[in-house]
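Engineer: Pasting in a structure now, in C-alpha cells, and then I'll have a few things to ask.
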Amino acid sequence: MNRIREIAPGDLTPEQKDVFEQLVAGRGRILGPYKIWIHSPTVASGMEHIGTFLNKRCTLSPREVEIGILVIAQHWDADYVRQAHIRLGKEVGLTPEQIDAILAGRDPKLADPHERAVHRFAAALVAGAKLADAEFAEIEAALGRDGIAEVLVLIGYYTSVALGMKVHQVPIPPQG
C-alpha cells in the first residue's frame with residue numbers, strides 16, 4: 001500500500017505552495033520523494049537544491065551518479081530506487097553485467113579510474129568500513145576533495161530517497 005499522502009494544491013500552506021511551484025517549474029511535476037518532503041517545505045526546498053546540484057552541476061558524470069545510486073539502492077534494499085536506476089544506469093551506458101556486479105556487491109570491472117573510485121568509495125561507505133589512510137589517499141587522488149564531498153552528499157541524498165520510497169511503500173516503477 002502506497003503511504004504517500006499527497007496534498008491537494010488548494011490545501012498547500014503558503015510555504016508549501018512556494019516550494020510546490022519551485023518544484024513544478026524546475027521538473028515539470030513533483031517526483032515521488034518530494035511528495036514525502038513537501039510536508040516539511042524547508043526540507044523539500046533544501047533537497048531540491050541538492051538533487052538539482054547532483055543531477056545537473058556536480059563534477060560526477062551521469063554514470064558515476066548512477067553507480068553511487070545503485071550501491072545505495074542495493075544497500076537499503078530499496079526496490080523502487082533500484083528498479084528506476086537500473087533503467088537509468090543502462091541509459092548512461094552501464095552494461096547489464098556492470099549493473100549486476102554492483103547490485104551483487106562485486107567489482108563491476110569499471111575501466112575508468114574515476115568511476116572505479118566512486119564505486120570503491122560508495123561501497124566502502126555503505127559497508128561501514130573505516131577507510132585506511134592509504135585507501136582514502138587513493139580515492140582522493142582519483143576524485144579530488146570536491147569529488148569526495150559530492151559522493152558523500154550523493155550517498156546521503158539517495159539514502160533519504162531510498163528510505164523514503166521504501167517506508168512509504170511506493171510501487172516499483174515499470175521495468176523497461
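To be explicit about the labels: the chains of the C-alpha cells are called A, B, and onward in the order shown, and within each one the residues are counted from 1, while ligands get numbers from 1 in the order they are shown.
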Go through segment 61-135 of chain A residue by residue and, counting only C-alpha atoms, keep those with an atom at most 8 Å from segment 154-165 of chain A; for each kept residue give the shortest atom pair and its distance in Å to one decimal, ordered by chain and increasing number, as a tab-separated table.

Structural biologist:
residue	atom	partner	partner_atom	distance
A:Val65	CA	A:Leu154	CA	7.4
A:Gly68	CA	A:Ile155	CA	6.8
A:Ile69	CA	A:Tyr158	CA	6.3
A:Ile72	CA	A:Thr159	CA	6.3
A:Ala73	CA	A:Ala162	CA	6.2
A:Trp76	CA	A:Ala162	CA	6.8
A:Ala78	CA	A:Ala162	CA	5.5
A:Tyr80	CA	A:Met165	CA	6.7
A:Val81	CA	A:Ala162	CA	5.9
A:Ala122	CA	A:Ile155	CA	7.1

Engineer: If you run DSSP over the backbone, which residues in chain A end up helix (DSSP H, G or I)? Put them as a ChimeraX atom specification.

Structural biologist: /A:9-11,14-27,32-37,41-57,62-75,79-91,96-104,113-126,133-167

Engineer: Pick from A:Gln22, A:Thr95, A:Ser40, A:Asn2: nearest to Thr52 of chain A, with only C-alpha atoms counted?

Structural biologist: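 Comparing A:Gln22, A:Thr95, A:Ser40, A:Asn2 against Thr52 of chain A, the winner is A:Gln22.
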
Engineer: Using only C-alpha atoms, which residues sit within 10 Å of Glu48 of chain A once same-chain residues fewer than 6 positions away are excluded, as a ChimeraX atom specification?

Structural biologist: /A:19,22-23,26-27,33-34,37,42,54

Engineer: Just to be explicit: take each residue in the selection above, keep C-alpha atoms, and write the result as a tab-separated table (two decimals), in the first residue's frame.

Structural biologist:
chain	number	residue	atom	x	y	z
A	19	VAL	CA	8.10	25.06	-2.84
A	22	GLN	CA	9.53	25.83	-7.50
A	23	LEU	CA	9.47	22.03	-7.98
A	26	GLY	CA	12.15	23.03	-12.35
A	27	ARG	CA	10.95	19.49	-13.04
A	33	PRO	CA	10.38	11.81	-2.84
A	34	TYR	CA	9.18	15.42	-2.97
A	37	TRP	CA	9.30	16.00	1.73
A	42	THR	CA	12.08	23.63	4.16
A	54	LEU	CA	23.76	16.28	-8.09
